[in-house]
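Visitor: Sharing my_file_37.cif (mmCIF, C-alpha atoms) below.
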data_query
#
loop_
_atom_site.label_atom_id
_atom_site.label_comp_id
_atom_site.auth_asym_id
_atom_site.auth_seq_id
_atom_site.Cartn_x
_atom_site.Cartn_y
_atom_site.Cartn_z
CA MET L 1 70.80 -35.70 75.42
CA THR L 2 72.02 -39.22 75.09
CA LEU L 3 74.00 -40.55 72.11
CA PRO L 4 71.18 -42.69 70.74
CA SER L 5 68.89 -39.64 70.73
CA LEU L 6 71.43 -37.58 68.78
CA LEU L 7 71.88 -40.38 66.30
CA ARG L 8 68.14 -40.67 65.80
CA ASN L 9 67.83 -36.90 65.21
CA LYS L 10 70.58 -36.96 62.57
CA ILE L 11 68.94 -39.86 60.79
CA VAL L 12 65.61 -37.97 60.76
CA TRP L 13 67.25 -34.84 59.30
CA VAL L 14 69.03 -36.88 56.62
CA VAL L 15 65.81 -38.65 55.64
CA ALA L 16 63.92 -35.35 55.54
CA ALA L 17 66.59 -33.80 53.32
CA LEU L 18 66.44 -36.75 50.95
CA VAL L 19 62.66 -36.53 50.78
CA LEU L 20 62.84 -32.81 50.00
CA LEU L 21 65.44 -33.42 47.28
CA LEU L 22 63.28 -36.16 45.73
CA ILE L 23 60.20 -33.95 45.80
CA GLY L 24 62.15 -31.09 44.24
CA TRP L 25 63.50 -33.33 41.51
CA ARG L 26 60.02 -34.63 40.73
CA LEU L 27 58.63 -31.12 40.64
CA MET L 28 61.37 -30.08 38.22
CA ALA L 29 60.80 -33.16 36.04
CA ARG L 30 57.08 -32.47 36.05
CA GLY L 31 57.47 -29.33 33.97
CA ASP L 32 58.25 -29.48 30.20
CA ALA L 33 61.80 -28.92 29.04
CA ALA L 34 62.16 -25.70 27.11
CA PRO L 35 61.79 -26.53 23.37
CA LYS L 36 64.44 -25.69 20.81
CA TYR L 37 62.97 -24.20 17.64
CA SER L 38 64.34 -24.61 14.14
CA THR L 39 63.89 -21.37 12.26
CA GLU L 40 64.66 -19.66 8.98
CA ALA L 41 64.79 -15.97 8.21
CA VAL L 42 62.10 -14.69 5.88
CA GLY L 43 63.68 -13.43 2.70
CA ARG L 44 63.13 -12.72 -0.95
CA GLY L 45 63.87 -15.10 -3.78
CA GLU L 46 62.44 -17.12 -6.64
CA VAL L 47 59.41 -19.44 -6.49
CA VAL L 48 58.99 -21.85 -9.39
CA SER L 49 55.87 -23.99 -9.85
CA ARG L 50 56.53 -27.21 -11.74
CA VAL L 51 54.32 -29.94 -13.20
CA SER L 52 55.82 -33.42 -13.39
CA ALA L 53 54.64 -36.23 -15.66
CA SER L 54 55.90 -39.26 -17.52
CA GLY L 55 55.70 -39.84 -21.25
CA THR L 56 56.92 -41.78 -24.26
CA LEU L 57 59.09 -40.57 -27.12
CA SER L 58 57.98 -41.10 -30.70
CA ALA L 59 58.76 -39.82 -34.17
CA LEU L 60 56.76 -36.87 -35.47
CA VAL L 61 55.57 -38.83 -38.52
CA THR L 62 55.50 -42.62 -38.56
CA VAL L 63 54.27 -44.46 -41.67
CA ASP L 64 53.27 -48.13 -41.79
CA VAL L 65 54.25 -49.65 -45.14
CA GLY L 66 52.00 -52.54 -46.12
CA SER L 67 51.11 -54.70 -49.10
CA GLN L 68 47.96 -54.31 -51.19
CA VAL L 69 48.36 -57.77 -52.73
CA SER L 70 48.88 -61.20 -51.23
CA GLY L 71 51.84 -63.42 -51.91
CA ARG L 72 55.20 -64.71 -50.79
CA ILE L 73 57.97 -62.25 -49.93
CA GLN L 74 60.60 -62.80 -52.62
CA SER L 75 63.16 -60.16 -51.61
CA LEU L 76 63.76 -57.51 -48.95
CA TYR L 77 65.80 -54.45 -49.88
CA ALA L 78 65.65 -52.69 -46.47
CA ASP L 79 66.17 -53.73 -42.89
CA PHE L 80 66.14 -52.21 -39.41
CA ASN L 81 67.74 -48.74 -39.35
CA SER L 82 67.94 -48.60 -43.16
CA VAL L 83 67.68 -45.08 -44.56
CA VAL L 84 65.21 -45.05 -47.45
CA LYS L 85 64.06 -42.49 -50.00
CA LYS L 86 60.56 -41.83 -51.28
CA GLY L 87 59.81 -44.07 -54.29
CA GLU L 88 62.60 -46.55 -53.47
CA ARG L 89 61.73 -50.25 -53.63
CA VAL L 90 62.03 -51.82 -50.18
CA ALA L 91 60.54 -55.30 -50.79
CA LYS L 92 59.33 -57.59 -53.57
CA ILE L 93 56.45 -60.07 -53.59
CA ASP L 94 56.73 -63.08 -55.92
CA PRO L 95 55.15 -61.76 -59.17
CA ALA L 96 54.61 -65.08 -60.99
CA LEU L 97 50.85 -65.30 -60.41
CA TYR L 98 50.34 -61.63 -61.24
CA GLU L 99 52.42 -61.88 -64.43
CA ALA L 100 50.22 -64.78 -65.51
CA ALA L 101 47.11 -62.74 -64.72
CA VAL L 102 48.44 -59.89 -66.85
CA ALA L 103 49.13 -62.24 -69.75
CA GLN L 104 45.63 -63.70 -69.51
CA ALA L 105 44.03 -60.26 -69.33
CA ARG L 106 46.06 -59.12 -72.30
CA ALA L 107 44.90 -62.17 -74.33
CA ASN L 108 41.29 -61.42 -73.37
CA VAL L 109 41.72 -57.89 -74.69
CA ILE L 110 43.05 -59.19 -78.00
CA ALA L 111 40.15 -61.64 -78.30
CA ALA L 112 37.59 -58.97 -77.45
CA ARG L 113 39.11 -56.59 -79.95
CA GLY L 114 38.94 -59.25 -82.69
CA ASN L 115 35.33 -60.06 -81.85
CA LEU L 116 34.47 -56.36 -82.02
CA GLN L 117 36.07 -56.01 -85.41
CA ARG L 118 34.14 -59.05 -86.71
CA LEU L 119 30.83 -57.73 -85.43
CA GLN L 120 31.54 -54.27 -86.81
CA VAL L 121 32.08 -55.80 -90.28
CA GLN L 122 28.84 -57.75 -89.93
CA ALA L 123 27.03 -54.59 -88.85
CA GLU L 124 28.31 -52.70 -91.86
CA GLU L 125 27.22 -55.55 -94.17
CA ALA L 126 23.79 -55.69 -92.57
CA LYS L 127 23.45 -51.93 -92.91
CA ARG L 128 24.40 -52.11 -96.59
CA LEU L 129 21.86 -54.90 -97.23
CA ALA L 130 19.16 -52.95 -95.46
CA LYS L 131 19.86 -49.89 -97.61
CA ARG L 132 19.76 -51.95 -100.79
CA SER L 133 16.55 -53.65 -99.72
CA GLU L 134 14.98 -50.23 -99.16
CA GLN L 135 15.87 -49.23 -102.73
CA LEU L 136 14.43 -52.45 -104.15
CA PHE L 137 11.27 -52.04 -102.12
CA GLU L 138 10.79 -48.57 -103.60
CA GLN L 139 11.05 -50.17 -107.06
CA ARG L 140 8.50 -52.81 -105.97
CA ILE L 141 11.05 -55.55 -106.53
CA VAL L 142 11.09 -57.00 -103.00
CA ALA L 143 8.27 -57.46 -100.58
CA GLU L 144 7.74 -55.28 -97.53
CA ASN L 145 8.46 -58.19 -95.17
CA ASP L 146 11.87 -58.71 -96.76
CA ARG L 147 12.68 -55.05 -96.31
CA ASP L 148 11.65 -55.14 -92.63
CA THR L 149 13.78 -58.23 -92.07
CA THR L 150 16.90 -56.58 -93.45
CA ARG L 151 16.25 -53.52 -91.26
CA ALA L 152 15.98 -55.68 -88.14
CA ASN L 153 19.11 -57.59 -89.06
CA ALA L 154 21.04 -54.30 -89.43
CA ARG L 155 19.90 -53.03 -86.01
CA ALA L 156 20.75 -56.37 -84.38
CA ALA L 157 24.22 -56.36 -85.94
CA GLU L 158 24.78 -52.80 -84.72
CA ALA L 159 23.69 -53.78 -81.18
CA ALA L 160 26.04 -56.77 -81.23
CA ALA L 161 28.91 -54.49 -82.22
CA SER L 162 28.06 -52.12 -79.34
CA GLN L 163 28.02 -55.05 -76.92
CA ALA L 164 31.42 -56.13 -78.20
CA GLU L 165 32.72 -52.61 -77.52
CA GLY L 166 31.59 -52.96 -73.90
CA GLN L 167 33.25 -56.33 -73.60
CA LEU L 168 36.46 -54.86 -74.97
CA ALA L 169 36.29 -52.07 -72.37
CA GLN L 170 35.77 -54.65 -69.60
CA THR L 171 38.76 -56.72 -70.67
CA ALA L 172 40.86 -53.56 -70.96
CA ALA L 173 39.90 -52.62 -67.39
CA ALA L 174 40.76 -56.12 -66.20
CA LEU L 175 44.14 -55.76 -67.91
CA ARG L 176 44.80 -52.46 -66.12
CA GLN L 177 43.84 -54.05 -62.80
CA ALA L 178 46.15 -56.99 -63.43
CA GLU L 179 48.98 -54.64 -64.39
CA THR L 180 48.33 -52.57 -61.23
CA ASN L 181 48.45 -55.68 -59.05
CA LEU L 182 51.70 -56.63 -60.73
CA ARG L 183 53.15 -53.21 -59.92
CA TYR L 184 52.00 -53.64 -56.30
CA THR L 185 54.34 -56.61 -55.98
CA ASP L 186 57.05 -53.94 -55.68
CA ILE L 187 56.72 -52.46 -52.17
CA ILE L 188 57.70 -48.79 -52.45
CA ALA L 189 58.73 -46.43 -49.64
CA PRO L 190 56.05 -43.71 -49.43
CA THR L 191 58.36 -41.19 -47.74
CA ASP L 192 61.95 -40.42 -46.86
CA GLY L 193 62.97 -41.78 -43.50
CA ILE L 194 64.52 -44.59 -41.51
CA VAL L 195 63.14 -48.08 -41.00
CA ILE L 196 62.39 -48.60 -37.32
CA SER L 197 60.49 -51.88 -37.66
CA ARG L 198 60.40 -54.87 -40.04
CA ALA L 199 57.57 -57.37 -39.59
CA VAL L 200 58.30 -60.05 -42.25
CA ASN L 201 61.12 -62.24 -43.55
CA VAL L 202 61.98 -63.57 -47.01
CA GLY L 203 59.75 -66.53 -47.85
CA GLN L 204 56.94 -65.45 -45.59
CA THR L 205 53.47 -65.21 -47.12
CA VAL L 206 51.41 -62.09 -46.56
CA ALA L 207 47.66 -62.03 -47.03
CA ALA L 208 45.96 -58.77 -48.01
CA THR L 209 42.34 -59.39 -46.98
CA MET L 210 40.41 -56.84 -44.92
CA GLN L 211 43.49 -54.67 -44.31
CA ALA L 212 46.98 -54.37 -45.71
CA PRO L 213 49.55 -56.43 -43.77
CA ILE L 214 52.33 -54.28 -42.29
CA ILE L 215 55.80 -55.00 -43.67
CA PHE L 216 57.84 -51.98 -42.51
CA THR L 217 57.39 -49.01 -40.19
CA ILE L 218 59.24 -45.91 -41.35
CA ALA L 219 59.93 -42.88 -39.18
CA GLN L 220 60.09 -39.80 -41.36
CA ASP L 221 62.83 -37.94 -39.44
CA LEU L 222 64.25 -38.88 -36.04
CA ARG L 223 66.03 -35.53 -35.72
CA ALA L 224 62.68 -34.07 -34.70
CA MET L 225 60.64 -36.06 -32.19
CA GLU L 226 57.77 -35.62 -29.76
CA VAL L 227 56.94 -36.72 -26.24
CA HIS L 228 53.41 -37.83 -25.39
CA THR L 229 52.94 -37.18 -21.68
CA SER L 230 50.18 -38.30 -19.32
CA VAL L 231 49.32 -35.24 -17.22
CA ALA L 232 46.98 -35.58 -14.25
CA GLU L 233 43.69 -33.70 -14.46
CA SER L 234 44.66 -31.70 -11.34
CA ASP L 235 47.68 -30.29 -13.21
CA ILE L 236 46.40 -29.93 -16.77
CA GLY L 237 44.86 -26.50 -16.06
CA ARG L 238 48.30 -25.12 -15.23
CA LEU L 239 49.75 -26.02 -18.64
CA LYS L 240 49.49 -23.96 -21.81
CA VAL L 241 50.69 -24.38 -25.38
CA GLY L 242 54.15 -22.89 -25.82
CA MET L 243 55.43 -23.63 -22.32
CA GLU L 244 59.00 -24.90 -22.03
CA ALA L 245 59.63 -28.40 -20.74
CA SER L 246 62.65 -30.46 -19.79
CA PHE L 247 62.96 -34.21 -19.38
CA SER L 248 65.39 -37.02 -18.77
CA VAL L 249 65.58 -40.60 -20.02
CA ASP L 250 67.11 -43.64 -18.40
CA ALA L 251 69.68 -43.96 -21.19
CA TYR L 252 71.22 -40.58 -20.26
CA PRO L 253 70.38 -40.06 -16.56
CA THR L 254 72.70 -37.07 -16.10
CA GLU L 255 71.53 -35.17 -19.18
CA ARG L 256 68.48 -32.93 -19.51
CA PHE L 257 66.68 -32.54 -22.83
CA ARG L 258 64.46 -29.59 -23.61
CA GLY L 259 61.30 -29.09 -25.61
CA ARG L 260 58.13 -27.04 -25.88
CA ILE L 261 54.44 -27.94 -25.55
CA ARG L 262 52.86 -28.00 -29.01
CA LEU L 263 49.42 -29.43 -28.25
CA ILE L 264 47.24 -30.36 -25.29
CA ARG L 265 44.72 -32.93 -26.45
CA ASN L 266 41.16 -32.71 -25.17
CA ALA L 267 40.57 -36.46 -25.22
CA ALA L 268 40.78 -37.83 -21.68
CA GLN L 269 42.43 -41.16 -20.94
CA VAL L 270 40.88 -43.04 -18.02
CA VAL L 271 42.83 -45.92 -16.46
CA GLN L 272 41.53 -47.39 -13.19
CA ASN L 273 39.47 -44.24 -12.56
CA VAL L 274 42.56 -42.03 -12.98
CA VAL L 275 42.01 -39.28 -15.59
CA THR L 276 44.97 -37.97 -17.56
CA TYR L 277 45.45 -35.83 -20.66
CA ASP L 278 48.07 -36.02 -23.40
CA ALA L 279 50.36 -33.00 -23.65
CA VAL L 280 52.50 -33.28 -26.80
CA ILE L 281 56.00 -31.81 -26.50
CA ASP L 282 58.19 -31.11 -29.53
CA VAL L 283 61.83 -32.12 -29.04
CA ALA L 284 64.92 -31.55 -31.19
CA ASN L 285 67.14 -34.61 -31.58
CA PRO L 286 70.08 -33.48 -33.74
CA GLU L 287 72.52 -36.04 -32.31
CA LEU L 288 69.99 -38.89 -32.64
CA LYS L 289 70.46 -39.83 -29.00
CA LEU L 290 66.75 -40.18 -28.38
CA LYS L 291 64.96 -43.22 -29.78
CA PRO L 292 61.28 -44.02 -30.26
CA GLY L 293 59.72 -45.76 -27.29
CA MET L 294 62.01 -44.30 -24.61
CA THR L 295 60.33 -43.33 -21.34
CA ALA L 296 60.73 -39.65 -20.49
CA THR L 297 60.37 -38.09 -17.04
CA VAL L 298 59.05 -34.62 -17.88
CA THR L 299 59.08 -31.40 -15.87
CA VAL L 300 57.19 -28.32 -17.08
CA ILE L 301 57.69 -24.89 -15.51
CA ALA L 302 54.06 -23.81 -15.09
CA ASP L 303 54.77 -20.46 -13.43
CA ARG L 304 57.67 -18.49 -11.97
CA ARG L 305 57.94 -15.58 -9.53
CA ALA L 306 61.24 -13.74 -9.16
CA ASP L 307 62.35 -11.64 -6.17
CA VAL L 308 59.24 -12.25 -4.07
CA LEU L 309 58.81 -12.56 -0.30
CA ARG L 310 58.68 -16.25 0.50
CA VAL L 311 58.46 -18.62 3.46
CA PRO L 312 59.42 -22.29 3.75
CA ASN L 313 56.49 -24.67 3.31
CA ALA L 314 57.39 -26.26 6.66
CA ALA L 315 56.61 -22.96 8.38
CA LEU L 316 53.04 -23.06 7.04
CA ARG L 317 52.59 -26.54 8.50
CA PHE L 318 54.02 -25.76 11.97
CA ARG L 319 51.64 -25.41 14.92
CA PRO L 320 52.95 -24.90 18.47
CA ASP L 321 51.74 -26.82 21.52
CA PHE L 322 49.51 -24.56 23.60
CA GLY L 323 49.56 -26.94 26.55
CA ALA L 324 47.50 -29.88 27.69
CA GLY L 325 43.85 -30.00 26.79
CA ALA L 326 42.14 -28.43 23.80
CA ASP L 327 44.17 -26.83 21.05
CA LYS L 328 44.14 -23.06 21.54
CA ALA L 329 45.49 -22.26 18.05
CA PRO L 330 43.25 -19.71 16.30
CA LEU L 331 41.51 -20.69 13.09
CA ASP L 332 42.74 -19.18 9.82
CA GLU L 333 40.41 -16.80 8.06
CA PRO L 334 39.41 -17.62 4.47
CA GLY L 335 42.25 -16.84 2.08
CA THR L 336 44.88 -16.63 4.83
CA ARG L 337 47.42 -18.95 6.42
CA SER L 338 49.23 -18.86 9.76
CA VAL L 339 52.95 -18.83 10.39
CA TYR L 340 54.78 -18.40 13.66
CA VAL L 341 57.78 -16.16 14.22
CA LEU L 342 60.20 -16.46 17.13
CA GLU L 343 60.01 -13.49 19.48
CA LYS L 344 61.74 -13.55 22.91
CA GLY L 345 62.16 -17.30 22.65
CA ALA L 346 58.45 -18.03 22.01
CA PRO L 347 56.44 -18.48 18.77
CA GLN L 348 54.10 -15.63 17.86
CA ARG L 349 51.40 -16.00 15.22
CA ARG L 350 51.39 -14.04 11.96
CA SER L 351 48.56 -14.11 9.42
CA VAL L 352 49.67 -14.12 5.78
CA LYS L 353 48.18 -14.38 2.31
CA VAL L 354 49.98 -16.83 0.04
CA GLY L 355 50.43 -17.12 -3.71
CA LEU L 356 52.52 -19.43 -5.87
CA ALA L 357 54.14 -22.45 -4.24
CA ASP L 358 56.83 -24.93 -5.20
CA THR L 359 58.28 -27.95 -3.44
CA ARG L 360 60.12 -25.86 -0.82
CA TYR L 361 58.84 -22.28 -0.68
CA THR L 362 55.52 -20.44 -0.89
CA GLU L 363 55.09 -16.86 -2.07
CA VAL L 364 53.75 -14.34 0.47
CA VAL L 365 51.53 -11.76 -1.22
CA GLY L 366 50.18 -10.02 1.86
CA GLY L 367 49.76 -10.11 5.62
CA GLU L 368 51.75 -9.31 8.73
CA LEU L 369 55.03 -11.05 7.96
CA LYS L 370 58.13 -8.91 7.44
CA PRO L 371 61.48 -9.71 5.79
CA GLY L 372 64.13 -10.85 8.25
CA GLU L 373 61.73 -12.32 10.81
CA LEU L 374 62.52 -15.84 11.96
CA VAL L 375 59.69 -18.22 11.03
CA VAL L 376 59.45 -21.43 13.04
CA MET L 377 59.60 -24.66 11.03
CA GLY L 378 59.78 -27.19 13.88
CA ALA L 379 60.50 -27.70 17.56
CA GLU L 380 62.64 -30.08 19.59
CA THR L 381 62.16 -30.88 23.27
CA ALA L 382 63.69 -33.46 25.56
CA GLY L 383 63.01 -36.72 23.77
CA THR L 384 61.01 -35.32 20.82
CA ALA L 385 61.56 -33.56 17.53
CA THR L 386 58.57 -32.27 15.64
CA GLY L 387 57.58 -29.93 12.86
CA GLY L 388 54.10 -29.61 14.33
CA ARG L 389 53.33 -29.65 18.05
CA SER L 390 56.02 -29.58 20.70
CA GLY L 391 56.04 -31.28 24.07
CA GLY L 392 58.35 -33.27 26.26
CA PRO L 393 57.86 -36.19 28.62
CA ARG L 394 55.67 -35.41 31.59
CA MET L 395 56.16 -37.06 35.06
CA ARG L 396 53.54 -37.15 37.75
CA VAL L 397 54.35 -37.16 41.49
CA MET L 398 52.54 -40.05 43.16
#
Could you rewrite the structure in this file as structure tokens?
Guide:
Amino acid sequence: MTLPSLLRNKIVWVVAALVLLLIGWRLMARGDAAPKYSTEAVGRGEVVSRVSASGTLSALVTVDVGSQVSGRIQSLYADFNSVVKKGERVAKIDPALYEAAVAQARANVIAARGNLQRLQVQAEEAKRLAKRSEQLFEQRIVAENDRDTTRANARAAEAAASQAEGQLAQTAAALRQAETNLRYTDIIAPTDGIVISRAVNVGQTVAATMQAPIIFTIAQDLRAMEVHTSVAESDIGRLKVGMEASFSVDAYPTERFRGRIRLIRNAAQVVQNVVTYDAVIDVANPELKLKPGMTATVTVIADRRADVLRVPNAALRFRPDFGAGADKAPLDEPGTRSVYVLEKGAPQRRSVKVGLADTRYTEVVGGELKPGELVVMGAETAGTATGGRSGGPRMRVM
């Protein structure tokens, strides 16, 4: 065999070997890389169901203090954050016009009383003349017409006296009204508490027309407050009166405050087709840290299960890849869920019945799952990481 022939044979063998290596590499790349599963051992523990909502802090009892009379504010005896007592004067309206009205009403009473006394005297005189005329008529001294005239005059005088009594009562009532209006120029605190709002200044005129103008807002006691929360209709059925709640406010982000649900109002609030209900939470505020109007982020423990078999929520969402084509995963029966446990390096299906769930775990109340088994929560292959289906890059040999 000549040298060129040997050289050609070696080149052919080298090319053939390279072709075989390339084909083998492509065949190896064609198959999926073995996935790596993330797992967690099934164990027992606590499952806590929580309802979250936002709300606004307010005082338990808030009273608006207004004015029943119109006039100019002469003096203010309370300001923001002033502590006031029931019956204490907190403001004064200029009383000049009302003092004049009282004086006029009092003068009208005096005049009406004098007029009544005059008419009563006239009625007594007319009655006496009528009686004397009756005696003279019996003695045939005066005519019958004269007697009838004196009778009519007596009744008219008596009626005039009765009318004067009514006028005296009217002027007395007007005097009481004027005196009441004068007393209303003193604005009195209706309850013990602290002033949280003042709406007027000295010199400002208030007009009491259809409703009393608001001058102060008094919170009865800020050591006991309440949170009005907006709870979604999907969560309201999980709440009950007496449940404990905790919340935080932006002013104290690292501190948790606690309260208890006192009332769940039946009136729905609809904003942009979103239905919520007001759950009222009583809160103690002994250090007066909390203030009316603060926004509270509320969490209510709706239910709790202790020492129960539980699985991670991610395990309930995981579904393995059964290969190309249609999904071969079996359908869950009503009332059951599927989880997959790792056996001999491959996921095996388990059917379970679930109960209470929180943000991380779900209670297992029945089924095939056993404590200690490794439930699959996700899978990683070459180039992918998934908590659902697994699969790596596929290469086709052309």
Visitor: Check which residues satisfy the PyMOL selection byres ((chain L and resi 351) around 6) in the file shown, then give them as a list in words.
Guide: Arg337, Ser338, Arg350, Val352, Gly367 and Glu368 of chain L
Visitor: What separation in Å, quoted to one decimal, exists between atom CA of Met377 of chain L and atom CA of Ser52 of chain L?
Guide: 26.2 Å
Visitor: What is the atom CA of Gln74 of chain L-atom CA of Ile93 of chain L distance in Å, reported with one decimal?
Guide: 5.1 Å
Visitor: With a distance cut-off of 12 Å and all atoms listed in the file, select the neighbouring residues of segment 144-147 of chain L, excluding the residue or stretch itself and same-chain residues fewer than 4 positions from it, and output the selection as a VMD selection string.
Guide: chain L and resid 126 to 127 129 to 140 151 to 154
Visitor: Excluding same-chain residues fewer than 2 positions from Val227 of chain L, what lies within 9 Å of it counting all atoms listed in the file, as a PDB file with C-alpha atoms, keeping the file's coordinate frame?
Guide:
ATOM      1  CA  GLY L  55      55.700 -39.840 -21.250  1.00  0.00           C
ATOM      2  CA  THR L  56      56.920 -41.780 -24.260  1.00  0.00           C
ATOM      3  CA  LEU L  57      59.090 -40.570 -27.120  1.00  0.00           C
ATOM      4  CA  SER L  58      57.980 -41.100 -30.700  1.00  0.00           C
ATOM      5  CA  ALA L  59      58.760 -39.820 -34.170  1.00  0.00           C
ATOM      6  CA  MET L 225      60.640 -36.060 -32.190  1.00  0.00           C
ATOM      7  CA  THR L 229      52.940 -37.180 -21.680  1.00  0.00           C
ATOM      8  CA  GLY L 259      61.300 -29.090 -25.610  1.00  0.00           C
ATOM      9  CA  ALA L 279      50.360 -33.000 -23.650  1.00  0.00           C
ATOM     10  CA  VAL L 280      52.500 -33.280 -26.800  1.00  0.00           C
ATOM     11  CA  ILE L 281      56.000 -31.810 -26.500  1.00  0.00           C
ATOM     12  CA  ASP L 282      58.190 -31.110 -29.530  1.00  0.00           C
ATOM     13  CA  VAL L 283      61.830 -32.120 -29.040  1.00  0.00           C
ATOM     14  CA  THR L 295      60.330 -43.330 -21.340  1.00  0.00           C
ATOM     15  CA  ALA L 296      60.730 -39.650 -20.490  1.00  0.00           C
ATOM     16  CA  VAL L 298      59.050 -34.620 -17.880  1.00  0.00           C
TER      17      VAL L 298
END
Visitor: Pick the closest to Gln120 of chain L from L:Ala160, L:Ala268, L:Val142, L:Ala189: which is it, counting only C-alpha atoms?
Guide: L:Ala160
Visitor: Quick check, in Å to one decimal: how far apart do atom CA of Arg44 of chain L and atom CA of Phe318 of chain L lie?
Guide: 20.5 Å
Visitor: Report as a PyMOL selection string the residues that result from applying the PyMOL selection byres ((chain L and resi 236-252) around 10) to the structure here.
Guide: chain L and resi 49-57+227+230-235+253-264+276-283+289-291+294-303
Visitor: Please enumerate the residues selected by the PyMOL selection byres ((chain L and resi 85-90) around 12) when evaluated against the supplied file, formatted as an MDAnalysis selection string.
Guide: chainID L and resid 63 65:67 73:80 82:84 91:93 183:195 198 215:221
Visitor: Could you list, as a list in words, every residue within 10 Å of Gly366 of chain L, counting only C-alpha atoms and ignoring same-chain residues fewer than 4 positions away?
Guide: Leu309, Thr336, Ser351, Val352, Lys353, Val354, Gly355 and Lys370 of chain L
Visitor: Dump C-alpha atoms for the selected residues as a CSV table (one decimal), in the frame of the given file?
Guide:
chain,number,residue,atom,x,y,z
L,309,LEU,CA,58.8,-12.6,-0.3
L,336,THR,CA,44.9,-16.6,4.8
L,351,SER,CA,48.6,-14.1,9.4
L,352,VAL,CA,49.7,-14.1,5.8
L,353,LYS,CA,48.2,-14.4,2.3
L,354,VAL,CA,50.0,-16.8,0.0
L,355,GLY,CA,50.4,-17.1,-3.7
L,370,LYS,CA,58.1,-8.9,7.4
Visitor: Taking all atoms listed in the file into account, name the residue in L:Pro35, L:Gly45, L:Gly166, L:Gly71 that is nearest to Ala112 of chain L.
Guide: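 The closest residue to Ala112 of chain L is L:Gly166.
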Visitor: Nearest residue to Arg72 of chain L out of L:Ala284, L:Val308, L:Ala96, L:Ile214, using all atoms listed in the file?
Guide: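 Selected residue with least distance to Arg72 of chain L: L:Ala96.
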Visitor: Can you save segment 197-215 of chain L of the given block to a file, including C-alpha atoms and formatted as a PDB file, in the first residue's frame?
Guide:
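Once everything was written out, this is selection.pdb:
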ATOM      1  CA  SER L 197     -60.763  70.665  66.869  1.00  0.00           C
ATOM      2  CA  ARG L 198     -61.546  74.399  66.972  1.00  0.00           C
ATOM      3  CA  ALA L 199     -63.400  75.877  63.997  1.00  0.00           C
ATOM      4  CA  VAL L 200     -63.650  79.620  64.859  1.00  0.00           C
ATOM      5  CA  ASN L 201     -61.513  82.534  66.002  1.00  0.00           C
ATOM      6  CA  VAL L 202     -62.230  85.566  68.185  1.00  0.00           C
ATOM      7  CA  GLY L 203     -64.121  88.195  66.185  1.00  0.00           C
ATOM      8  CA  GLN L 204     -65.628  85.702  63.783  1.00  0.00           C
ATOM      9  CA  THR L 205     -69.395  85.798  63.321  1.00  0.00           C
ATOM     10  CA  VAL L 206     -71.371  82.584  63.545  1.00  0.00           C
ATOM     11  CA  ALA L 207     -74.849  82.250  62.101  1.00  0.00           C
ATOM     12  CA  ALA L 208     -77.274  79.763  63.652  1.00  0.00           C
ATOM     13  CA  THR L 209     -79.819  79.236  60.866  1.00  0.00           C
ATOM     14  CA  MET L 210     -80.879  75.749  59.789  1.00  0.00           C
ATOM     15  CA  GLN L 211     -78.248  74.033  61.953  1.00  0.00           C
ATOM     16  CA  ALA L 212     -75.943  75.003  64.781  1.00  0.00           C
ATOM     17  CA  PRO L 213     -72.485  76.102  63.586  1.00  0.00           C
ATOM     18  CA  ILE L 214     -69.682  73.914  64.983  1.00  0.00           C
ATOM     19  CA  ILE L 215     -67.239  75.738  67.261  1.00  0.00           C
TER      20      ILE L 215
END
